[in-house]
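Let me begin by presenting the structure, written as structure tokens, before commenting on it.
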Amino acid sequence: MQKPADPDWAPSKDCCRSGCRERGDGFDIAALDAEGRPIAREDVRLRLVRERPDWRVMFRDRHARYETVWRDEPLEATTLAVAPDQPPRFARRLEWGRYRLEVADPTLLAASLVRFRVGCVSVAGGAETPDLFDLSADRADYRPGQTKQVRIEAPFAGMATVLVLTDRVHTVGTLAVPRGATTVDSRIDPA
């Protein structure tokens, strides 16, 4: 595959391992020429957007189905300069959720974006109905005796069934959740 003539913009570290990012992680912003060498650029535009889910009913083949619609919530927009020897670092402490970082050079018409989630989430499936909610944890792994934080973002208030499991079911419980985001703390049973 041939490289494009315009610079590529990319975060300089792996950002999508299992969809998990820590709350203080950041990105180094780099501009690259067609050979992959770092170059200097002025007037680089950066935009941070939170992506929030919503649902609508769609009719396909005379059947009503839910479809997830992601709504943009712009959080920050700035202009920066990129030096080849010292790329600027973009890091923010964000609430758990889904985000998009966009970087563009309007002079060269070069652009890139990366989607990421803050908190550890399963990226295998998706909540395509409003009776499912977005669930994320403060980290990927826990040891016995530690306290885990789980964030639930529900589209409406109701009851949630919570299961703690590994290769077997450890506990089952129900929890009243409000509409919006709530965080639940739970201690990992040392047994």
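Starting from 1 in every chain, residues are counted up; chains themselves are A, B, ... following the order of the structure tokens, and ligands are numbered from 1 as listed.
Near stretch 153-168 of chain A, within 8 Å and counting only C-alpha atoms, sit Asp54, Pro130, Asp131, Leu132, Phe133, Asp134, Leu135, Arg151, His170, Thr171, Val172, Gly173, Thr174, Leu175, Ala176, Val177, Pro178, Arg179, Gly180, Ala181 and Thr182 of chain A; same-chain residues fewer than 2 positions away were not included.
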Could you save those same residues with C-alpha atoms as a compact mmCIF listing (two decimals), in the first residue's frame?
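Final file, selection.txt:
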```
# COMPACT_ATOMS: atom_id res chain seq x y z
CA ASP A 54 -29.66 7.92 22.01
CA PRO A 130 -32.80 1.45 25.09
CA ASP A 131 -33.42 -1.29 27.64
CA LEU A 132 -29.67 -1.99 27.65
CA PHE A 133 -27.25 0.47 29.18
CA ASP A 134 -23.64 1.50 28.89
CA LEU A 135 -21.51 -0.12 31.59
CA ARG A 151 -20.45 3.22 36.15
CA HIS A 170 -20.57 -15.23 42.39
CA THR A 171 -23.52 -12.96 43.24
CA VAL A 172 -26.81 -11.83 41.73
CA GLY A 173 -28.65 -8.73 42.85
CA THR A 174 -30.97 -5.95 41.75
CA LEU A 175 -30.28 -2.26 41.91
CA ALA A 176 -32.46 0.80 41.38
CA VAL A 177 -30.71 3.07 38.85
CA PRO A 178 -31.64 6.65 38.02
CA ARG A 179 -31.76 8.04 34.49
CA GLY A 180 -28.27 9.15 33.49
CA ALA A 181 -24.98 8.14 35.07
CA THR A 182 -24.47 6.53 38.45
```
Neighbour list for A:Met58 as a ChimeraX atom specification, cut-off 10 Å, only C-alpha atoms, skip fewer than 5 positions in-chain:
/A:63-68
Write the residues of the preceding selection, restricted to C-alpha atoms, as a PDB file, in the first residue's frame.
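The result, written out as again12.pdb:
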```pdb
ATOM      1  CA  HIS A  63     -40.664  -4.373  11.455  1.00  0.00           C
ATOM      2  CA  ALA A  64     -39.933  -1.750  14.074  1.00  0.00           C
ATOM      3  CA  ARG A  65     -36.412  -1.912  15.535  1.00  0.00           C
ATOM      4  CA  TYR A  66     -34.321   0.328  17.719  1.00  0.00           C
ATOM      5  CA  GLU A  67     -31.191   1.930  16.320  1.00  0.00           C
ATOM      6  CA  THR A  68     -28.488   3.668  18.338  1.00  0.00           C
TER       7      THR A  68
END
```
Pick out each residue of stretch 6-184 of chain A that DSSP on the backbone tags as strand (DSSP E or B); I need them as a VMD selection string.
chain A and resid 8 to 11 21 26 to 32 38 to 39 41 to 60 63 to 82 89 to 91 97 to 105 110 to 120 134 to 137 147 to 154 158 to 165 169 to 177 180 to 184
So that I can see what lies close to stretch 33-49 of chain A, please list as a count of residues only the residues with an atom at most 9 Å from it, counting only C-alpha atoms and leaving out residues fewer than 2 positions away in the same chain.
34
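For the set A:Arg50, A:Arg56, A:Arg62, A:Arg187, the residue with the smallest atom-to-atom gap to A:Gly145 is A:Arg187, counting only C-alpha atoms.
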To one decimal in Å, tell me the separation between atom CA of A:Ala91 and atom CA of A:Phe27.
6.3 Å
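Atom CA of A:Val118 is found 7.0 Å from atom CA of A:Glu95.
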Which residues come within 10 Å of A:Ser136, counting only C-alpha atoms, excluding same-chain residues fewer than 2 positions away, as a VMD selection string?
chain A and resid 20 96 to 97 117 to 122 133 to 134 138 to 140 149 to 153 183
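Here atom CA of A:Val114 and atom CA of A:Ile29 stand 11.5 Å from one another.
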